[in-house]
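Participant: Below is the file input34.tsv, which contains TSV, C-alpha atoms.
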```tsv
chain	number	residue	atom	x	y	z
E	53	MET	CA	23.79	15.36	-5.82
E	54	MET	CA	24.65	14.11	-2.37
E	55	THR	CA	25.06	16.96	0.05
E	56	ALA	CA	27.26	16.97	3.14
E	57	ASN	CA	25.53	15.37	6.07
E	58	ASP	CA	25.10	17.16	9.36
E	59	PRO	CA	28.05	16.01	11.54
E	60	THR	CA	25.84	16.22	14.64
E	61	GLN	CA	23.63	13.45	13.27
E	62	PRO	CA	24.82	9.90	14.09
E	63	VAL	CA	23.54	8.03	11.02
E	64	PRO	CA	24.89	9.05	7.58
E	65	GLY	CA	22.27	10.49	5.24
E	66	THR	CA	19.74	10.67	8.05
E	67	TYR	CA	18.42	13.68	9.97
E	68	LEU	CA	17.06	12.44	13.27
E	69	PHE	CA	14.13	14.62	14.22
E	70	ASP	CA	14.97	15.26	17.86
E	71	GLY	CA	14.36	18.11	20.28
E	72	LYS	CA	16.97	20.33	18.69
E	73	MET	CA	15.47	19.91	15.23
E	74	ALA	CA	11.89	20.14	16.54
E	75	LYS	CA	12.74	23.53	18.04
E	76	LYS	CA	14.59	24.75	14.95
E	77	GLY	CA	11.83	23.65	12.59
E	78	TYR	CA	8.81	24.54	14.70
E	79	GLY	CA	7.40	27.31	12.47
E	80	LEU	CA	8.20	25.41	9.28
E	81	ASN	CA	6.51	22.25	10.53
E	82	LYS	CA	3.57	24.23	11.84
E	83	MET	CA	3.06	25.73	8.41
E	84	CYS	CA	3.28	22.29	6.80
E	85	TYR	CA	0.85	20.87	9.40
E	86	SER	CA	-1.64	23.52	8.35
E	87	PHE	CA	-1.62	21.98	4.87
E	88	ASN	CA	-4.00	19.30	6.20
E	89	GLU	CA	-6.65	21.91	5.36
E	90	GLN	CA	-7.55	22.66	1.74
E	91	SER	CA	-8.11	26.33	2.63
E	92	ALA	CA	-4.49	26.55	3.85
E	93	ARG	CA	-3.19	24.92	0.69
E	94	ASP	CA	-5.16	27.44	-1.36
E	95	GLU	CA	-3.86	30.34	0.71
E	96	PHE	CA	-0.24	29.16	0.32
E	97	ASN	CA	-0.63	28.72	-3.43
E	98	LYS	CA	-2.06	32.23	-3.77
E	99	ASP	CA	0.90	33.91	-2.05
E	100	PRO	CA	3.65	31.58	-0.74
E	101	ASP	CA	5.79	34.37	0.72
E	102	ALA	CA	2.95	35.88	2.69
E	103	TYR	CA	2.02	32.43	3.99
E	104	CYS	CA	5.62	31.67	5.07
E	105	ALA	CA	5.77	35.04	6.82
E	106	LYS	CA	2.61	34.21	8.75
E	107	PHE	CA	4.45	31.27	10.36
E	108	GLY	CA	7.69	33.19	10.97
E	109	LEU	CA	9.90	31.08	8.72
E	110	THR	CA	13.60	31.95	8.61
E	111	GLU	CA	15.27	33.08	5.39
E	112	ALA	CA	16.93	29.69	4.99
E	113	GLN	CA	13.58	27.94	5.39
E	114	ILE	CA	11.87	30.26	2.89
E	115	LYS	CA	14.71	29.63	0.42
E	116	ALA	CA	14.32	25.86	0.80
E	117	ILE	CA	10.54	26.18	0.31
E	118	HIS	CA	11.09	28.27	-2.85
E	119	GLU	CA	13.59	25.80	-4.26
E	120	ARG	CA	11.54	22.70	-3.29
E	121	ASP	CA	14.77	21.61	-1.58
E	122	ILE	CA	13.68	18.65	0.56
E	123	ILE	CA	17.13	18.03	2.07
E	124	GLY	CA	17.40	21.75	2.82
E	125	LEU	CA	14.04	21.62	4.60
E	126	LEU	CA	15.22	18.68	6.73
E	127	GLN	CA	18.44	20.51	7.57
E	128	GLN	CA	16.36	23.49	8.61
E	129	GLY	CA	14.41	21.38	11.10
E	130	GLY	CA	11.67	20.00	8.88
E	131	SER	CA	10.17	16.67	9.93
E	132	ILE	CA	9.56	14.32	7.00
E	133	TYR	CA	5.95	13.81	8.16
E	134	TYR	CA	5.21	17.53	7.78
E	135	VAL	CA	7.50	18.13	4.81
E	136	ALA	CA	5.50	15.34	3.13
E	137	LYS	CA	2.40	17.52	3.38
E	138	PHE	CA	4.27	20.30	1.55
E	139	ALA	CA	5.33	17.73	-1.05
E	140	GLY	CA	1.69	16.62	-1.31
E	141	LEU	CA	0.74	20.20	-2.08
E	142	LEU	CA	3.26	20.05	-4.94
E	143	LYS	CA	1.63	16.77	-6.08
E	144	LEU	CA	4.78	14.80	-5.23
E	145	ASN	CA	4.54	11.39	-3.52
E	146	MET	CA	7.04	9.60	-1.28
E	147	GLN	CA	8.91	8.04	-4.18
E	148	ASP	CA	9.23	11.40	-5.91
E	149	ILE	CA	10.67	12.83	-2.70
E	150	GLY	CA	13.01	9.83	-2.36
E	151	ALA	CA	14.36	10.47	-5.85
E	152	ILE	CA	14.84	14.19	-5.18
E	153	GLN	CA	16.71	13.55	-1.93
E	154	THR	CA	19.03	10.90	-3.35
E	155	GLY	CA	19.73	12.83	-6.56
E	156	MET	CA	18.37	9.98	-8.68
E	157	SER	CA	15.76	9.94	-11.39
E	158	LEU	CA	12.44	8.47	-10.26
E	159	ASP	CA	13.11	5.32	-12.31
E	160	GLU	CA	16.58	4.91	-10.80
E	161	PHE	CA	15.17	5.32	-7.31
E	162	LYS	CA	12.45	2.75	-7.95
E	163	ALA	CA	14.96	0.31	-9.43
E	164	MET	CA	17.12	0.68	-6.33
E	165	LEU	CA	14.13	-0.14	-4.12
E	166	VAL	CA	13.31	-3.22	-6.18
E	167	LYS	CA	16.89	-4.47	-5.86
E	168	ARG	CA	16.95	-3.91	-2.12
E	169	GLY	CA	13.46	-5.38	-1.70
E	170	SER	CA	14.51	-8.58	-3.45
E	171	GLY	CA	17.63	-8.80	-1.30
E	172	GLU	CA	19.99	-8.25	-4.24
E	173	GLU	CA	21.57	-5.22	-2.62
B	63	MET	CA	-12.61	-11.78	31.34
B	64	ALA	CA	-12.43	-10.57	27.78
B	65	ASN	CA	-10.78	-13.10	25.50
B	66	ILE	CA	-7.79	-12.20	23.31
B	67	ILE	CA	-8.14	-14.44	20.27
B	68	GLY	CA	-5.14	-13.52	18.13
B	69	ALA	CA	-3.24	-10.82	16.33
B	70	VAL	CA	-2.44	-9.41	12.92
B	71	THR	CA	0.44	-7.31	11.63
B	72	THR	CA	0.26	-5.20	8.50
B	73	SER	CA	1.81	-2.27	6.72
B	74	HIS	CA	-0.27	0.91	6.71
B	75	ILE	CA	1.33	3.14	4.07
B	76	PRO	CA	-0.83	5.67	2.17
B	77	ALA	CA	0.11	4.17	-1.21
B	78	ILE	CA	-1.98	1.11	-0.24
B	79	ALA	CA	-5.07	3.28	0.20
B	80	ASN	CA	-4.44	4.87	-3.18
B	81	ALA	CA	-3.97	1.46	-4.82
B	82	MET	CA	-7.32	0.30	-3.38
B	83	ALA	CA	-9.04	3.53	-4.45
B	84	ASN	CA	-7.65	3.07	-7.97
B	85	LYS	CA	-8.58	-0.65	-8.05
B	86	ALA	CA	-4.95	-1.57	-8.77
B	87	GLU	CA	-4.86	-4.70	-6.56
B	88	GLU	CA	-4.45	-7.07	-9.52
B	89	THR	CA	-1.71	-5.13	-11.30
B	90	PRO	CA	1.73	-6.81	-11.38
B	91	TYR	CA	3.14	-4.24	-8.95
B	92	TRP	CA	0.48	-4.73	-6.29
B	93	LYS	CA	-0.65	-8.34	-6.70
B	94	PRO	CA	2.13	-9.97	-4.61
B	95	PHE	CA	1.18	-7.64	-1.78
B	96	PHE	CA	-2.63	-7.91	-1.90
B	97	ASP	CA	-2.51	-11.70	-2.48
B	98	GLY	CA	-1.34	-12.03	1.11
B	99	TYR	CA	-4.56	-10.71	2.61
B	100	PRO	CA	-7.46	-13.12	1.84
B	101	PRO	CA	-6.47	-15.70	4.52
B	102	VAL	CA	-6.41	-12.98	7.18
B	103	ARG	CA	-9.75	-11.57	6.02
B	104	LYS	CA	-11.20	-15.09	6.17
B	105	TRP	CA	-9.92	-15.57	9.73
B	106	LEU	CA	-11.42	-12.25	10.83
B	107	ASN	CA	-14.75	-13.05	9.19
B	108	GLU	CA	-14.86	-16.47	10.86
B	109	LYS	CA	-13.65	-15.44	14.31
B	110	LYS	CA	-15.60	-12.19	14.32
B	111	PRO	CA	-13.69	-10.35	17.05
B	112	ASP	CA	-15.86	-7.80	18.85
B	113	VAL	CA	-12.99	-5.39	19.40
B	114	ILE	CA	-9.69	-4.59	17.71
B	115	VAL	CA	-6.95	-2.98	19.79
B	116	LEU	CA	-4.91	-1.28	17.10
B	117	PHE	CA	-1.36	-0.01	17.58
B	118	TYR	CA	-0.45	2.72	15.09
B	119	ASN	CA	1.38	6.02	14.88
B	120	ASP	CA	-0.06	9.40	14.01
B	121	HIS	CA	1.72	11.02	11.07
B	122	GLY	CA	0.61	14.57	11.80
B	123	LEU	CA	-3.18	14.52	11.65
B	124	GLU	CA	-4.32	14.51	15.30
B	125	PHE	CA	-1.05	15.36	17.00
B	126	PHE	CA	1.31	18.18	16.10
B	127	ILE	CA	4.69	18.67	17.76
B	128	ASP	CA	3.28	21.40	20.01
B	129	LYS	CA	2.19	18.53	22.27
B	130	LYS	CA	3.48	15.10	21.37
B	131	PRO	CA	2.29	12.17	23.47
B	132	THR	CA	4.63	9.22	23.80
B	133	PHE	CA	1.68	6.85	24.25
B	134	ALA	CA	-1.94	7.83	23.63
B	135	ILE	CA	-5.17	5.82	23.86
B	136	GLY	CA	-8.58	6.66	22.44
B	137	VAL	CA	-11.57	6.31	24.78
B	138	ALA	CA	-14.23	7.60	22.39
B	139	ASP	CA	-17.40	6.00	20.97
B	140	GLU	CA	-16.39	7.07	17.47
B	141	TYR	CA	-13.29	8.23	15.59
B	142	HIS	CA	-13.08	10.26	12.41
B	143	ASN	CA	-10.62	10.22	9.57
B	144	SER	CA	-9.74	13.49	7.85
B	145	ASP	CA	-7.77	15.11	5.02
B	146	GLU	CA	-4.06	14.52	5.57
B	147	GLY	CA	-3.04	16.95	2.86
B	148	TRP	CA	-1.90	14.58	0.18
B	149	GLY	CA	-4.87	13.19	-1.57
B	150	ILE	CA	-5.82	10.00	0.28
B	151	ALA	CA	-9.59	9.48	0.22
B	152	THR	CA	-11.10	9.73	3.70
B	153	ILE	CA	-13.08	6.77	5.03
B	154	PRO	CA	-16.27	6.44	7.11
B	155	PRO	CA	-16.22	6.85	10.92
B	156	VAL	CA	-14.70	4.09	13.02
B	157	THR	CA	-16.70	2.75	15.99
B	158	GLY	CA	-14.99	2.89	19.39
B	159	GLU	CA	-15.38	0.85	22.61
B	160	SER	CA	-15.38	3.45	25.35
B	161	GLU	CA	-15.91	1.19	28.36
B	162	LEU	CA	-13.04	-1.20	27.63
B	163	SER	CA	-10.86	1.77	26.58
B	164	TRP	CA	-11.32	3.46	29.94
B	165	HIS	CA	-10.69	0.17	31.72
B	166	ILE	CA	-7.39	-0.23	29.82
B	167	ALA	CA	-6.44	3.41	30.43
B	168	ASN	CA	-7.07	3.07	34.18
B	169	SER	CA	-5.12	-0.17	34.36
B	170	LEU	CA	-2.18	1.22	32.34
B	171	VAL	CA	-1.77	4.33	34.45
B	172	GLU	CA	-2.02	2.18	37.57
B	173	ASP	CA	0.81	0.07	36.10
B	174	GLY	CA	3.05	3.07	35.46
B	175	PHE	CA	2.28	3.85	31.80
B	176	ASP	CA	1.43	7.55	31.70
B	177	MET	CA	-1.00	7.53	28.81
B	178	THR	CA	-2.48	10.54	27.08
B	179	ILE	CA	-6.20	9.78	27.22
B	180	CYS	CA	-8.18	11.07	24.24
B	181	GLN	CA	-11.96	11.60	24.14
B	182	GLU	CA	-11.54	13.05	20.68
B	183	MET	CA	-8.94	11.78	18.24
B	184	LYS	CA	-8.78	12.09	14.49
B	185	VAL	CA	-7.31	8.86	13.12
B	186	ASP	CA	-5.01	8.90	10.08
B	187	HIS	CA	-3.91	6.34	7.50
B	188	GLY	CA	-1.89	4.52	10.17
B	189	LEU	CA	-5.19	3.25	11.57
B	190	THR	CA	-7.53	3.45	8.58
B	191	VAL	CA	-5.43	1.65	5.95
B	192	PRO	CA	-5.32	-1.59	8.00
B	193	LEU	CA	-9.11	-1.49	8.47
B	194	SER	CA	-9.67	-0.92	4.73
B	195	LEU	CA	-7.26	-3.76	3.96
B	196	MET	CA	-8.98	-6.23	6.27
B	197	TRP	CA	-12.52	-5.25	5.34
B	198	PRO	CA	-12.51	-4.25	1.66
B	199	GLY	CA	-15.15	-1.71	0.77
B	200	ASN	CA	-14.63	-0.25	4.25
B	201	ASP	CA	-17.07	-2.82	5.61
B	202	TYR	CA	-15.72	-2.52	9.16
B	203	GLY	CA	-18.71	-0.82	10.77
B	204	HIS	CA	-19.52	-3.85	12.96
B	205	VAL	CA	-16.06	-3.91	14.61
B	206	LYS	CA	-15.18	-1.73	17.56
B	207	VAL	CA	-11.70	-0.27	17.52
B	208	ILE	CA	-9.47	0.96	20.34
B	209	PRO	CA	-6.65	3.11	18.97
B	210	VAL	CA	-3.32	2.99	20.80
B	211	CYS	CA	-0.91	5.53	19.36
B	212	ILE	CA	2.87	5.25	19.79
B	213	ASN	CA	5.22	8.14	18.99
B	214	CYS	CA	7.39	7.13	16.02
B	215	GLU	CA	7.91	10.64	14.62
B	216	GLN	CA	9.90	12.66	17.12
B	217	HIS	CA	12.90	11.55	19.19
B	218	PRO	CA	12.93	10.67	22.03
B	219	MET	CA	10.63	7.78	21.11
B	220	PRO	CA	9.69	4.93	23.43
B	221	GLN	CA	12.19	2.09	23.09
B	222	PRO	CA	11.27	-1.42	21.89
B	223	LYS	CA	11.46	-2.89	25.41
B	224	ARG	CA	9.04	-0.24	26.69
B	225	CYS	CA	6.63	-0.88	23.83
B	226	TYR	CA	6.74	-4.62	24.56
B	227	ALA	CA	5.98	-3.89	28.22
B	228	LEU	CA	3.09	-1.65	27.16
B	229	GLY	CA	1.66	-4.55	25.17
B	230	GLN	CA	2.00	-6.86	28.17
B	231	ALA	CA	0.20	-4.33	30.37
B	232	ILE	CA	-2.60	-3.96	27.82
B	233	GLY	CA	-2.95	-7.74	27.69
B	234	LYS	CA	-3.29	-7.86	31.45
B	235	ALA	CA	-5.87	-5.05	31.34
B	236	ILE	CA	-7.98	-6.78	28.69
B	237	GLU	CA	-7.89	-10.07	30.58
B	238	SER	CA	-9.13	-8.33	33.72
B	239	PHE	CA	-12.16	-6.82	31.96
B	240	ASP	CA	-15.38	-8.45	33.11
B	241	SER	CA	-16.94	-9.32	29.76
B	242	GLU	CA	-17.22	-12.21	27.33
B	243	MET	CA	-16.15	-10.06	24.41
B	244	THR	CA	-13.42	-11.22	22.03
B	245	VAL	CA	-10.46	-9.02	21.15
B	246	ALA	CA	-7.93	-9.16	18.32
B	247	ILE	CA	-4.75	-7.09	18.32
B	248	PHE	CA	-3.37	-5.26	15.27
B	249	GLY	CA	0.25	-4.13	15.05
B	250	THR	CA	0.62	-1.79	12.08
B	251	GLY	CA	3.40	-0.06	10.16
B	252	GLY	CA	6.96	-1.10	9.40
B	253	LEU	CA	9.02	-2.84	8.42
B	254	SER	CA	12.35	-1.44	7.15
B	255	HIS	CA	12.11	1.88	5.35
B	256	GLN	CA	13.53	5.37	5.24
B	257	LEU	CA	11.68	8.33	3.80
B	258	ASP	CA	14.03	11.20	4.62
B	259	GLY	CA	17.58	12.30	3.90
B	260	GLU	CA	20.21	11.20	1.40
B	261	ALA	CA	19.71	7.66	2.74
B	262	ALA	CA	16.04	7.66	1.64
B	263	GLY	CA	15.12	4.32	0.11
B	264	THR	CA	16.97	2.22	2.69
B	265	LEU	CA	15.43	-1.26	2.89
B	266	ASN	CA	16.67	-4.42	4.62
B	267	ARG	CA	14.86	-7.54	3.50
B	268	GLN	CA	16.99	-9.92	5.56
B	269	PHE	CA	16.34	-7.95	8.74
B	270	ASP	CA	12.60	-7.80	8.04
B	271	LEU	CA	12.40	-11.57	7.64
B	272	GLU	CA	14.40	-12.11	10.83
B	273	CYS	CA	12.09	-9.74	12.69
B	274	MET	CA	9.05	-11.71	11.55
B	275	ASP	CA	10.65	-14.96	12.76
B	276	LYS	CA	11.61	-13.47	16.09
B	277	LEU	CA	8.22	-11.88	16.53
B	278	VAL	CA	6.69	-15.35	16.55
B	279	GLU	CA	9.35	-17.36	18.38
B	280	CYS	CA	11.39	-15.08	20.60
B	281	PRO	CA	10.00	-11.53	20.76
B	282	GLU	CA	12.20	-10.67	23.75
B	283	GLU	CA	15.19	-10.67	21.38
B	284	LEU	CA	13.66	-7.72	19.52
B	285	THR	CA	13.51	-5.76	22.76
B	286	THR	CA	17.31	-5.72	22.95
B	287	TYR	CA	17.43	-3.26	20.03
B	288	SER	CA	17.45	0.48	20.68
B	289	ASN	CA	15.54	2.80	18.36
B	290	LEU	CA	18.91	4.04	17.05
B	291	ASP	CA	19.83	0.41	16.23
B	292	LEU	CA	16.60	0.12	14.21
B	293	VAL	CA	17.38	3.37	12.35
B	294	LYS	CA	20.87	2.11	11.49
B	295	ILE	CA	19.82	-1.39	10.46
B	296	GLY	CA	16.62	-0.74	8.53
B	297	GLY	CA	16.28	3.01	8.00
B	298	ALA	CA	14.80	5.93	9.90
B	299	GLN	CA	11.19	4.72	9.91
B	300	THR	CA	11.99	1.15	10.97
B	301	VAL	CA	11.09	2.40	14.45
B	302	GLU	CA	7.51	1.54	13.43
B	303	LEU	CA	8.49	-2.03	14.32
B	304	ASN	CA	7.67	-0.89	17.85
B	305	MET	CA	3.96	-1.22	17.07
B	306	TRP	CA	4.45	-4.85	16.12
B	307	ILE	CA	6.50	-5.43	19.25
B	308	ALA	CA	3.73	-3.86	21.37
B	309	MET	CA	1.18	-6.12	19.67
B	310	ARG	CA	3.31	-9.17	20.45
B	311	GLY	CA	3.54	-8.14	24.10
B	312	VAL	CA	-0.22	-8.61	24.40
B	313	LEU	CA	-0.06	-12.30	23.42
B	314	ARG	CA	0.77	-14.94	26.03
B	315	GLY	CA	1.70	-18.61	26.09
B	316	LYS	CA	2.41	-20.57	22.93
B	317	VAL	CA	2.07	-18.46	19.79
B	318	THR	CA	1.24	-20.08	16.45
B	319	GLU	CA	1.83	-18.47	13.08
B	320	LEU	CA	-1.21	-19.19	10.88
B	321	HIS	CA	-0.21	-17.07	7.90
B	322	ARG	CA	2.61	-14.91	6.61
B	323	ASN	CA	3.35	-12.72	3.62
B	324	TYR	CA	6.30	-10.47	2.93
B	325	HIS	CA	6.76	-8.30	-0.10
B	326	ALA	CA	9.23	-5.52	-0.80
B	327	PRO	CA	9.24	-2.89	-1.99
B	328	ILE	CA	5.75	-1.50	-1.56
B	329	SER	CA	6.35	2.14	-2.32
B	330	ASN	CA	9.52	2.62	-0.18
B	331	THR	CA	8.72	-0.06	2.38
B	332	GLY	CA	9.19	-3.70	3.29
B	333	ALA	CA	5.60	-4.87	3.82
B	334	GLY	CA	5.01	-7.76	6.20
B	335	LEU	CA	1.79	-9.53	7.14
B	336	LEU	CA	1.38	-12.01	9.99
B	337	LEU	CA	-1.62	-13.79	11.48
B	338	LEU	CA	-0.95	-15.15	14.96
B	339	GLU	CA	-2.95	-17.13	17.49
B	340	HIS	CA	-1.94	-17.87	21.05
B	341	GLU	CA	-2.77	-20.44	23.68
B	342	MET	CA	-3.56	-18.62	26.89
B	343	PRO	CA	-1.91	-20.23	29.91
B	344	LYS	CA	-4.52	-21.38	32.45
```
Could you spell out this file's structure in C-alpha cells?
Facilitator:
Amino acid sequence: MMTANDPTQPVPGTYLFDGKMAKKGYGLNKMCYSFNEQSARDEFNKDPDAYCAKFGLTEAQIKAIHERDIIGLLQQGGSIYYVAKFAGLLKLNMQDIGAIQTGMSLDEFKAMLVKRGSGEE
Amino acid sequence: MANIIGAVTTSHIPAIANAMANKAEETPYWKPFFDGYPPVRKWLNEKKPDVIVLFYNDHGLEFFIDKKPTFAIGVADEYHNSDEGWGIATIPPVTGESELSWHIANSLVEDGFDMTICQEMKVDHGLTVPLSLMWPGNDYGHVKVIPVCINCEQHPMPQPKRCYALGQAIGKAIESFDSEMTVAIFGTGGLSHQLDGEAAGTLNRQFDLECMDKLVECPEELTTYSNLDLVKIGGAQTVELNMWIAMRGVLRGKVTELHRNYHAPISNTGAGLLLLEHEMPK
C-alpha cells in the first residue's frame, strides 16, 4: 500500500535525509550503525526492546522496528543506509526492501526494474 | 610531475560483490554486466598505473552522522575493509600512497577545499567492489589507492559543480607532484537509482545514457544540475553521479572514450562503465 508522503518533502515518494531528519532519527540510525558489529546484531536479536531502549528510540521508532515498517522508519528519521543494516539483520536485501516499500511482491518489483532498465517505462 | 593516464567509471553496489563471491558472473542475469569488464581489466594490466585515485562514498562504515565530512581524503599507508552488517565478504587490505595523498591534501586545502584528512579510514563496498571488479580474485595488492570520499548520504551534499571543481583541483595537485608515477582515476557509484521511499525502484535509462555521453564530450553541462535535480530525474541515489563528475574534472584536454558498457537493472541500479583516456595539453 502506498502511504501518504510527507508534505515537507519536495519529491513524491522520497524522504530526503536532511538535517531535520538526521536530528529526528539520530538514535535510530545510531542503533542501526551499531549493526556493523556481529556482537550488536546478536544483542539486538536476544532482546530487541532492551536494545532499542539503549539507544533512546521513540515509541514510534520502536513500533516501526517491531513491524519491520521500512517506510515508517524513514518517516521517523531513518536513513536508508542505516535502515539497510537493520534490513540486513533481517536477511533482507535491497530488492526485498524495495518491494516492501512499494507494496509490490518481490517479483513485481523486479519486473518493474527490468522494464525501466530496458527503457520500456 | 606525476602522469594521469586515464580514468574508469563503474558501479559499486554490494550485489556485485555477492555475485562474484557466488561465482554468478556467467548467469543470464549477470552476464551482460560482467561482459563489460574485460577490456578495462586489459587496459589496467597493460598500462599498470602505480596509483588509483578513487572517488567513492561511505555508506555508513567509517563515517556515522555524528560527524559527516563533505569531502574526505585518506592519507594512510593501508586501508581496511570491514563487516558492513549485511553479509558482504570482506576483502584483503588495500595499499595506500601516503606521500602523494598528503601532497594532494595540502594542495586542496590551499585551493579552498576544506578536506577531512584521514590517517585511519575503513573503506566499504563503495571502494572495494570496484577493486574486486578490476582485479578479479582481489589481485590488487600491487596498486596503491588514494580514497577520496564524497558525501552522498546526508543533505546538504556537495553540488555537481563543486565536485567537478574538486576533481580539477586534484588533477592540478597530481600534476604538481614531483614524481614519474602514473595515476588512473576511478569514479564509482551511480547511475540512476532509488533505494528508499514509495518511489524506490526509480530508474532512468535515457538519462543515464545522456550522462555517459556528456561525461565524455561536455562534462560542464552536468555541472548545471543541482542535487535535487538529480534526485527528481533519476532517483534519490543518483547523486552518486557526483563521483563520476569529480573523476571527469581531473582529466584535461581532449578526452577519448575507449570502452563503454551500460546495463540496467543491476539490482536496483543503472550500471555504467566507461574507460577514458585524455591528451594532456602541453
Participant: Step by step: start from the point (6.4, -7.2, 4.7) in the file's coordinates, keep every protein, DNA or RNA residue that has an atom no farther than 9 Å from it, count all atoms listed in the file, and write the set as number ranges by chain.
Facilitator: B: 72-73, 95, 252-254, 267, 270-271, 274, 322-328, 331-336
Participant: Residues of chain B within 8 Å of chain E, counting only C-alpha atoms, what are they? List them as a VMD selection string.
Facilitator: chain B and resid 121 to 123 126 to 127 145 to 149 215 to 218 257 to 268 293 to 294 298 325 to 327 329 to 330 332
Participant: Determine the nearest neighbour of His321 of chain B from the options B:Ile232, B:Ala167, B:Val278, B:Ile307, counting all atoms listed in the file.
Facilitator: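 Among the listed residues, B:Val278 lies closest to His321 of chain B.
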Participant: Could you give me, as JSON, numbers by chain, the residues within 12 Å of Lys104 of chain B, counting all atoms listed in the file and dropping anything in the same chain fewer than 4 positions from it?
Facilitator: {"B": [98, 99, 100, 108, 109, 110, 196, 197, 198, 320, 321, 337]}
Participant: Okay, now the selection with C-alpha atoms, as a PDB file, in the coordinates of the input?
Facilitator:
```
ATOM      1  CA  GLY B  98      -1.340 -12.030   1.110  1.00  0.00           C
ATOM      2  CA  TYR B  99      -4.560 -10.710   2.610  1.00  0.00           C
ATOM      3  CA  PRO B 100      -7.460 -13.120   1.840  1.00  0.00           C
ATOM      4  CA  GLU B 108     -14.860 -16.470  10.860  1.00  0.00           C
ATOM      5  CA  LYS B 109     -13.650 -15.440  14.310  1.00  0.00           C
ATOM      6  CA  LYS B 110     -15.600 -12.190  14.320  1.00  0.00           C
ATOM      7  CA  MET B 196      -8.980  -6.230   6.270  1.00  0.00           C
ATOM      8  CA  TRP B 197     -12.520  -5.250   5.340  1.00  0.00           C
ATOM      9  CA  PRO B 198     -12.510  -4.250   1.660  1.00  0.00           C
ATOM     10  CA  LEU B 320      -1.210 -19.190  10.880  1.00  0.00           C
ATOM     11  CA  HIS B 321      -0.210 -17.070   7.900  1.00  0.00           C
ATOM     12  CA  LEU B 337      -1.620 -13.790  11.480  1.00  0.00           C
TER      13      LEU B 337
END
```
Participant: Around segment 105-108 of chain B, with edges along x, y and z and 8 Å added on all six sides, what centre and edge lengths do you get, in Å to one decimal, as AutoDock Vina command-line options?
Facilitator:
```
--center_x -12.4 --center_y -14.4 --center_z 10.0 --size_x 20.9 --size_y 20.2 --size_z 17.7
```
Participant: My list of candidates is B:Thr152, B:Ser169, B:Asn80, B:Ser160. Which is closest to Ser238 of chain B when distances are computed with all atoms listed in the file?
Facilitator: B:Ser169
Participant: What is the distance, in Å and to one decimal place, between atom CA of Trp164 of chain B and atom CA of Val115 of chain B?
Facilitator: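 These two atoms are separated by 12.8 Å.
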Participant: Mind checking which residues fall within 12 Å of Met82 of chain B, counting all atoms listed in the file, ignoring those fewer than 3 positions away in the same chain, and posting them as a PyMOL selection string?
Facilitator: chain B and resi 75-79+85-89+92-93+95-96+150-151+191-192+194-200
Participant: How would segment 157-167 of chain E of the given structure read as a file with N, CA, C and O atoms, as a PDB file, in the first residue's frame?
Facilitator:
```pdb
ATOM      1  N   SER E 157       4.931  -7.316  -4.727  1.00  0.00           N
ATOM      2  CA  SER E 157       5.634  -8.563  -4.448  1.00  0.00           C
ATOM      3  C   SER E 157       7.062  -8.401  -4.980  1.00  0.00           C
ATOM      4  O   SER E 157       7.326  -7.503  -5.798  1.00  0.00           O
ATOM      5  N   LEU E 158       7.965  -9.247  -4.518  1.00  0.00           N
ATOM      6  CA  LEU E 158       9.351  -9.150  -4.985  1.00  0.00           C
ATOM      7  C   LEU E 158       9.422  -9.315  -6.504  1.00  0.00           C
ATOM      8  O   LEU E 158      10.139  -8.579  -7.191  1.00  0.00           O
ATOM      9  N   ASP E 159       8.643 -10.251  -7.040  1.00  0.00           N
ATOM     10  CA  ASP E 159       8.664 -10.475  -8.490  1.00  0.00           C
ATOM     11  C   ASP E 159       8.128  -9.266  -9.254  1.00  0.00           C
ATOM     12  O   ASP E 159       8.657  -8.905 -10.305  1.00  0.00           O
ATOM     13  N   GLU E 160       7.085  -8.648  -8.717  1.00  0.00           N
ATOM     14  CA  GLU E 160       6.537  -7.448  -9.366  1.00  0.00           C
ATOM     15  C   GLU E 160       7.565  -6.317  -9.354  1.00  0.00           C
ATOM     16  O   GLU E 160       7.734  -5.595 -10.340  1.00  0.00           O
ATOM     17  N   PHE E 161       8.235  -6.180  -8.234  1.00  0.00           N
ATOM     18  CA  PHE E 161       9.239  -5.113  -8.106  1.00  0.00           C
ATOM     19  C   PHE E 161      10.384  -5.341  -9.101  1.00  0.00           C
ATOM     20  O   PHE E 161      10.808  -4.419  -9.805  1.00  0.00           O
ATOM     21  N   LYS E 162      10.829  -6.586  -9.173  1.00  0.00           N
ATOM     22  CA  LYS E 162      11.921  -6.901 -10.115  1.00  0.00           C
ATOM     23  C   LYS E 162      11.493  -6.673 -11.562  1.00  0.00           C
ATOM     24  O   LYS E 162      12.264  -6.167 -12.384  1.00  0.00           O
ATOM     25  N   ALA E 163      10.252  -7.034 -11.860  1.00  0.00           N
ATOM     26  CA  ALA E 163       9.752  -6.858 -13.237  1.00  0.00           C
ATOM     27  C   ALA E 163       9.690  -5.368 -13.591  1.00  0.00           C
ATOM     28  O   ALA E 163      10.013  -4.972 -14.719  1.00  0.00           O
ATOM     29  N   MET E 164       9.310  -4.568 -12.598  1.00  0.00           N
ATOM     30  CA  MET E 164       9.266  -3.121 -12.833  1.00  0.00           C
ATOM     31  C   MET E 164      10.672  -2.593 -13.146  1.00  0.00           C
ATOM     32  O   MET E 164      10.855  -1.784 -14.071  1.00  0.00           O
ATOM     33  N   LEU E 165      11.657  -3.067 -12.385  1.00  0.00           N
ATOM     34  CA  LEU E 165      13.037  -2.625 -12.628  1.00  0.00           C
ATOM     35  C   LEU E 165      13.507  -3.030 -14.021  1.00  0.00           C
ATOM     36  O   LEU E 165      14.166  -2.246 -14.709  1.00  0.00           O
ATOM     37  N   VAL E 166      13.155  -4.240 -14.440  1.00  0.00           N
ATOM     38  CA  VAL E 166      13.582  -4.702 -15.768  1.00  0.00           C
ATOM     39  C   VAL E 166      12.968  -3.812 -16.847  1.00  0.00           C
ATOM     40  O   VAL E 166      13.648  -3.399 -17.793  1.00  0.00           O
ATOM     41  N   LYS E 167      11.695  -3.482 -16.697  1.00  0.00           N
ATOM     42  CA  LYS E 167      11.030  -2.610 -17.667  1.00  0.00           C
ATOM     43  C   LYS E 167      11.700  -1.243 -17.729  1.00  0.00           C
ATOM     44  O   LYS E 167      11.979  -0.713 -18.801  1.00  0.00           O
TER      45      LYS E 167
END
```
